[in-house]
file entry.txt (compact mmCIF, C-alpha atoms)
# COMPACT_ATOMS: atom_id res chain seq x y z
CA MET A 34 -22.58 -36.94 8.43
CA LYS A 35 -18.80 -37.23 8.59
CA LYS A 36 -18.43 -35.29 5.31
CA ILE A 37 -20.63 -32.48 6.63
CA ALA A 38 -18.59 -32.23 9.84
CA ILE A 39 -15.33 -32.10 7.87
CA THR A 40 -16.75 -29.46 5.52
CA LEU A 41 -17.95 -27.33 8.45
CA MET A 42 -14.56 -27.64 10.13
CA LEU A 43 -12.77 -26.54 6.95
CA LEU A 44 -15.11 -23.57 6.60
CA LEU A 45 -14.47 -22.60 10.22
CA LEU A 46 -10.70 -22.77 9.69
CA ALA A 47 -10.96 -20.67 6.53
CA ALA A 48 -13.06 -18.06 8.36
CA CYS A 49 -10.51 -17.90 11.18
CA ALA A 50 -7.65 -17.45 8.71
CA TYR A 51 -9.59 -14.71 6.91
CA ALA A 52 -10.41 -12.90 10.15
CA TYR A 53 -6.79 -13.12 11.29
CA ASP A 54 -5.57 -11.54 8.05
CA LEU A 55 -8.13 -8.73 7.77
CA PRO A 56 -6.31 -5.75 6.28
CA GLY A 57 -6.77 -2.50 8.12
CA ALA A 58 -7.33 -4.24 11.45
CA SER A 59 -3.79 -3.48 12.59
CA TYR A 60 -2.89 -0.42 10.48
CA LYS A 61 -2.83 2.83 12.43
CA VAL A 62 -1.73 6.04 10.75
CA GLN A 63 -0.04 7.27 13.92
CA ASP A 64 2.35 4.28 13.79
CA TYR A 65 3.98 5.67 10.63
CA GLN A 66 6.33 8.63 10.32
CA TRP A 67 5.86 9.47 6.64
CA HIS A 68 2.60 10.23 4.80
CA LYS A 69 1.58 11.31 1.34
CA ASN A 70 -1.96 12.11 0.15
CA THR A 71 -3.50 12.83 -3.22
CA LEU A 72 -7.19 13.29 -4.03
CA PHE A 73 -7.80 9.53 -4.01
CA ILE A 74 -5.03 7.72 -2.10
CA LYS A 75 -3.16 7.89 1.20
CA VAL A 76 0.27 6.30 1.61
CA HIS A 77 1.83 5.82 5.07
CA TRP A 78 5.28 4.34 5.67
CA ASN A 79 8.38 4.08 7.83
CA PHE A 80 11.99 3.67 6.76
CA THR A 81 14.37 1.13 8.23
CA HIS A 82 18.04 0.41 7.49
CA PRO A 83 18.71 -3.32 7.94
CA ASP A 84 22.34 -2.61 6.95
CA ASN A 85 24.45 0.30 5.64
CA ASP A 86 23.73 -0.54 1.99
CA THR A 87 19.95 -0.99 2.16
CA ILE A 88 16.83 1.02 2.96
CA VAL A 89 13.37 -0.48 3.38
CA ALA A 90 10.06 1.39 3.12
CA GLU A 91 7.29 -0.50 4.88
CA GLY A 92 3.74 0.78 5.23
CA PHE A 93 0.23 0.68 3.82
CA VAL A 94 -2.01 2.39 1.28
CA GLU A 95 -5.69 3.24 1.61
CA PRO A 96 -8.29 5.16 -0.39
CA PHE A 97 -8.58 8.83 0.60
CA ASN A 98 -12.24 8.27 1.47
CA HIS A 99 -14.58 5.29 1.73
CA ASP A 100 -16.54 6.25 -1.40
CA ASN A 101 -13.60 5.35 -3.62
CA GLY A 102 -11.66 2.20 -4.33
CA LEU A 103 -8.15 1.65 -5.66
CA ARG A 104 -6.79 -0.89 -8.11
CA ALA A 105 -3.35 -1.80 -9.42
CA VAL A 106 -1.34 0.51 -7.17
CA GLN A 107 2.31 0.75 -8.26
CA LEU A 108 4.79 2.36 -5.86
CA SER A 109 8.41 3.44 -6.17
CA LEU A 110 10.82 4.22 -3.37
CA VAL A 111 12.97 7.04 -4.77
CA GLY A 112 16.34 8.27 -3.54
CA LEU A 113 16.92 11.99 -4.09
CA ASP A 114 20.17 13.99 -4.15
CA ASP A 115 20.72 17.45 -2.59
CA GLN A 116 18.95 19.17 -5.49
CA GLY A 117 15.91 16.86 -5.35
CA ASN A 118 16.84 14.87 -8.45
CA ALA A 119 16.13 11.14 -8.51
CA VAL A 120 19.39 9.15 -8.24
CA ASN A 121 17.99 5.72 -7.32
CA SER A 122 14.66 3.89 -7.20
CA SER A 123 13.06 0.56 -6.46
CA ASP A 124 9.54 -0.55 -7.39
CA GLY A 125 6.90 -2.43 -5.44
CA MET A 126 3.20 -2.83 -4.92
CA PRO A 127 0.75 -3.43 -2.09
CA ARG A 128 -0.34 -6.97 -1.27
CA ASP A 129 -3.90 -6.52 -2.64
CA ILE A 130 -4.89 -5.71 -6.22
CA TYR A 131 -8.20 -4.12 -5.13
CA ILE A 132 -8.34 -1.86 -2.06
CA GLU A 133 -11.86 -0.89 -1.09
CA SER A 134 -14.16 -0.74 1.91
CA PRO A 135 -15.42 -2.57 3.86
CA PHE A 136 -13.46 -5.79 3.28
CA TYR A 137 -10.09 -4.46 2.13
CA PRO A 138 -9.85 -0.84 3.34
CA ALA A 139 -6.01 -0.87 3.39
CA SER A 140 -3.16 -2.92 1.98
CA PRO A 141 0.44 -3.30 3.19
CA PHE A 142 3.60 -2.92 1.12
CA LYS A 143 7.33 -3.39 1.57
CA ILE A 144 9.96 -2.03 -0.83
CA THR A 145 13.68 -2.70 -0.46
CA MET A 146 16.32 -0.60 -2.20
CA LYS A 147 20.11 -1.00 -2.38
CA LEU A 148 21.79 2.36 -1.82
CA ASN A 149 24.32 3.80 -4.27
CA GLY A 150 25.67 6.46 -1.88
CA LYS A 151 24.23 9.49 -3.73
CA GLU A 152 20.91 9.54 -1.82
CA LYS A 153 20.32 12.40 0.62
CA ALA A 154 16.52 12.01 1.02
CA PHE A 155 13.83 9.50 0.13
CA THR A 156 10.23 9.71 -1.01
CA MET A 157 7.45 7.57 -2.48
CA ILE A 158 5.88 8.08 -5.89
CA GLY A 159 3.55 5.91 -7.91
CA SER A 160 0.40 5.43 -9.91
CA TYR A 161 -2.97 3.79 -9.35
CA PHE A 162 -6.47 3.48 -10.76
CA HIS A 163 -9.34 4.83 -8.67
CA PHE A 164 -13.08 4.26 -8.98
CA GLU A 165 -16.29 5.14 -7.17
CA LEU A 166 -17.88 2.44 -5.04
CA GLY A 167 -21.57 1.64 -5.16
CA ARG A 168 -22.01 2.14 -8.90
CA LYS A 169 -23.14 -0.60 -11.25
CA THR A 170 -20.51 0.47 -13.78
CA ARG A 171 -17.02 1.35 -12.64
CA PHE A 172 -15.29 4.15 -14.48
CA GLU A 173 -11.65 3.76 -13.59
CA ARG A 174 -9.26 6.67 -13.92
CA ILE A 175 -5.51 6.63 -13.53
CA ASP A 176 -3.85 9.06 -11.13
CA PHE A 177 -0.27 9.61 -10.00
CA ILE A 178 1.45 10.07 -6.64
CA PRO A 179 3.80 13.02 -7.27
CA VAL A 180 7.29 13.60 -5.86
CA THR A 181 5.98 16.47 -3.73
CA SER A 182 2.97 15.91 -1.50
CA ARG A 183 -0.05 18.18 -1.22

call {"tool": "encode", "arguments": {"input": "entry.txt", "output": "structure tokens"}}
result
Amino acid sequence: MKKIAITLMLLLLAACAYAYDLPGASYKVQDYQWHKNTLFIKVHWNFTHPDNDTIVAEGFVEPFNHDNGLRAVQLSLVGLDDQGNAVNSSDGMPRDIYIESPFYPASPFKITMKLNGKEKAFTMIGSYFHFELGRKTRFERIDFIPVTSR
């Protein structure tokens, strides 16, 4: 009986921890200043400057609609000069490998970049695999987040 009680208590604690950390529960698009969409992904982020030599992009990614899932999202924070040429970059990825409804509809990311002084603007680019949900077989296709948004 004691083992059952301990097991039930551990399961309850695990459920509480899972519920506390549910992605998407606290992510609101209106809380972010910058957005980029493609046919299959949405990226939302804010920039902060913890000091004069650093910029941080913090936000979340989500599938463009709930019929698709995302896997292996790779992001890059890119510094651009006056002509729009890349002069600096830093790579990162969201917390979750798979991003799909209903359990993981969004995933947070944080990318830090040391500035070199040539940056005049910043953007996000990247790549990801997308797939349709609800199918027995998943056909994954790679897609890219371009420098310019649609």

call {"tool": "residues_near_point", "arguments": {"input": "entry.txt", "point": "(7.8, -5.3, 0.5)", "cutoff": "10 Å", "atoms": "only C-alpha atoms", "output": "JSON, numbers by chain"}}
result
{"A": [89, 90, 91, 92, 124, 125, 126, 127, 128, 141, 142, 143, 144, 145]}

call {"tool": "atom_distance", "arguments": {"input": "entry.txt", "atom1": "CA of Val106 (chain A)", "atom2": "CA of Lys169 (chain A)"}}
result
22.2 Å

call {"tool": "closest_residue", "arguments": {"input": "entry.txt", "among": "A:Leu108, A:Lys35, A:His99, A:Asn149", "to": "Pro135 (chain A)", "atoms": "all atoms listed in the file"}}
result
A:His99

call {"tool": "closest_residue", "arguments": {"input": "entry.txt", "among": "A:Asn118, A:Asn85, A:Asn98, A:Ser109", "to": "Ile132 (chain A)", "atoms": "all atoms listed in the file"}}
result
A:Asn98

call {"tool": "atom_distance", "arguments": {"input": "entry.txt", "atom1": "CA of Asn79 (chain A)", "atom2": "CA of Trp67 (chain A)"}}
result
6.1 Å

call {"tool": "residues_around", "arguments": {"input": "entry.txt", "residues": "region 152-156 of chain A", "least_positions_apart": "6", "cutoff": "10 Å", "atoms": "only C-alpha atoms", "output": "JSON, numbers by chain"}}
result
{"A": [67, 68, 69, 78, 80, 88, 90, 109, 110, 111, 112, 113, 114, 115, 116, 117, 118, 119, 120, 121, 122, 179, 180, 181, 182]}

call {"tool": "write_last_selection", "arguments": {"input": "entry.txt", "atoms": "C-alpha atoms", "output": "PDB file, in the frame of the given file"}}
result
ATOM      1  CA  TRP A  67       5.860   9.470   6.640  1.00  0.00           C
ATOM      2  CA  HIS A  68       2.600  10.230   4.800  1.00  0.00           C
ATOM      3  CA  LYS A  69       1.580  11.310   1.340  1.00  0.00           C
ATOM      4  CA  TRP A  78       5.280   4.340   5.670  1.00  0.00           C
ATOM      5  CA  PHE A  80      11.990   3.670   6.760  1.00  0.00           C
ATOM      6  CA  ILE A  88      16.830   1.020   2.960  1.00  0.00           C
ATOM      7  CA  ALA A  90      10.060   1.390   3.120  1.00  0.00           C
ATOM      8  CA  SER A 109       8.410   3.440  -6.170  1.00  0.00           C
ATOM      9  CA  LEU A 110      10.820   4.220  -3.370  1.00  0.00           C
ATOM     10  CA  VAL A 111      12.970   7.040  -4.770  1.00  0.00           C
ATOM     11  CA  GLY A 112      16.340   8.270  -3.540  1.00  0.00           C
ATOM     12  CA  LEU A 113      16.920  11.990  -4.090  1.00  0.00           C
ATOM     13  CA  ASP A 114      20.170  13.990  -4.150  1.00  0.00           C
ATOM     14  CA  ASP A 115      20.720  17.450  -2.590  1.00  0.00           C
ATOM     15  CA  GLN A 116      18.950  19.170  -5.490  1.00  0.00           C
ATOM     16  CA  GLY A 117      15.910  16.860  -5.350  1.00  0.00           C
ATOM     17  CA  ASN A 118      16.840  14.870  -8.450  1.00  0.00           C
ATOM     18  CA  ALA A 119      16.130  11.140  -8.510  1.00  0.00           C
ATOM     19  CA  VAL A 120      19.390   9.150  -8.240  1.00  0.00           C
ATOM     20  CA  ASN A 121      17.990   5.720  -7.320  1.00  0.00           C
ATOM     21  CA  SER A 122      14.660   3.890  -7.200  1.00  0.00           C
ATOM     22  CA  PRO A 179       3.800  13.020  -7.270  1.00  0.00           C
ATOM     23  CA  VAL A 180       7.290  13.600  -5.860  1.00  0.00           C
ATOM     24  CA  THR A 181       5.980  16.470  -3.730  1.00  0.00           C
ATOM     25  CA  SER A 182       2.970  15.910  -1.500  1.00  0.00           C
TER      26      SER A 182
END

call {"tool": "atom_distance", "arguments": {"input": "entry.txt", "atom1": "CA of His163 (chain A)", "atom2": "CA of Arg104 (chain A)"}}
result
6.3 Å

call {"tool": "closest_residue", "arguments": {"input": "entry.txt", "among": "A:Thr81, A:Asn101, A:Thr71, A:Gln66", "to": "Ser160 (chain A)", "atoms": "all atoms listed in the file"}}
result
A:Thr71

call {"tool": "closest_residue", "arguments": {"input": "entry.txt", "among": "A:Phe136, A:Phe162, A:Tyr60, A:Tyr65", "to": "Leu103 (chain A)", "atoms": "all atoms listed in the file"}}
result
A:Phe162

call {"tool": "residues_around", "arguments": {"input": "entry.txt", "residues": "Leu72 (chain A)", "least_positions_apart": "5", "cutoff": "10 Å", "atoms": "all atoms listed in the file", "output": "mmCIF file with C-alpha atoms, in the frame of the given file"}}
result
data_model
loop_
_atom_site.group_PDB
_atom_site.id
_atom_site.type_symbol
_atom_site.label_atom_id
_atom_site.label_comp_id
_atom_site.auth_asym_id
_atom_site.auth_seq_id
_atom_site.Cartn_x
_atom_site.Cartn_y
_atom_site.Cartn_z
ATOM 1 C CA PRO A 96 -8.290 5.160 -0.390
ATOM 2 C CA PHE A 97 -8.580 8.830 0.600
ATOM 3 C CA ASN A 98 -12.240 8.270 1.470
ATOM 4 C CA HIS A 163 -9.340 4.830 -8.670
ATOM 5 C CA ASP A 176 -3.850 9.060 -11.130
ATOM 6 C CA PHE A 177 -0.270 9.610 -10.000
ATOM 7 C CA ILE A 178 1.450 10.070 -6.640
ATOM 8 C CA ARG A 183 -0.050 18.180 -1.220
#

call {"tool": "closest_residue", "arguments": {"input": "entry.txt", "among": "A:Gln107, A:Asn70, A:Ser140, A:Ser59", "to": "Tyr161 (chain A)", "atoms": "all atoms listed in the file"}}
result
A:Gln107

call {"tool": "residues_near_point", "arguments": {"input": "entry.txt", "point": "(18.8, -7.4, 1.6)", "cutoff": "10 Å", "atoms": "all atoms listed in the file", "output": "JSON, numbers by chain"}}
result
{"A": [82, 83, 84, 86, 87, 88, 89, 145, 146, 147]}

call {"tool": "write_last_selection", "arguments": {"input": "entry.txt", "atoms": "C-alpha atoms", "output": "PDB file, in the frame of the given file"}}
result
ATOM      1  CA  HIS A  82      18.040   0.410   7.490  1.00  0.00           C
ATOM      2  CA  PRO A  83      18.710  -3.320   7.940  1.00  0.00           C
ATOM      3  CA  ASP A  84      22.340  -2.610   6.950  1.00  0.00           C
ATOM      4  CA  ASP A  86      23.730  -0.540   1.990  1.00  0.00           C
ATOM      5  CA  THR A  87      19.950  -0.990   2.160  1.00  0.00           C
ATOM      6  CA  ILE A  88      16.830   1.020   2.960  1.00  0.00           C
ATOM      7  CA  VAL A  89      13.370  -0.480   3.380  1.00  0.00           C
ATOM      8  CA  THR A 145      13.680  -2.700  -0.460  1.00  0.00           C
ATOM      9  CA  MET A 146      16.320  -0.600  -2.200  1.00  0.00           C
ATOM     10  CA  LYS A 147      20.110  -1.000  -2.380  1.00  0.00           C
TER      11      LYS A 147
END

call {"tool": "closest_residue", "arguments": {"input": "entry.txt", "among": "A:Gly102, A:His77, A:Lys151, A:Tyr137", "to": "Leu166 (chain A)", "atoms": "all atoms listed in the file"}}
result
A:Gly102
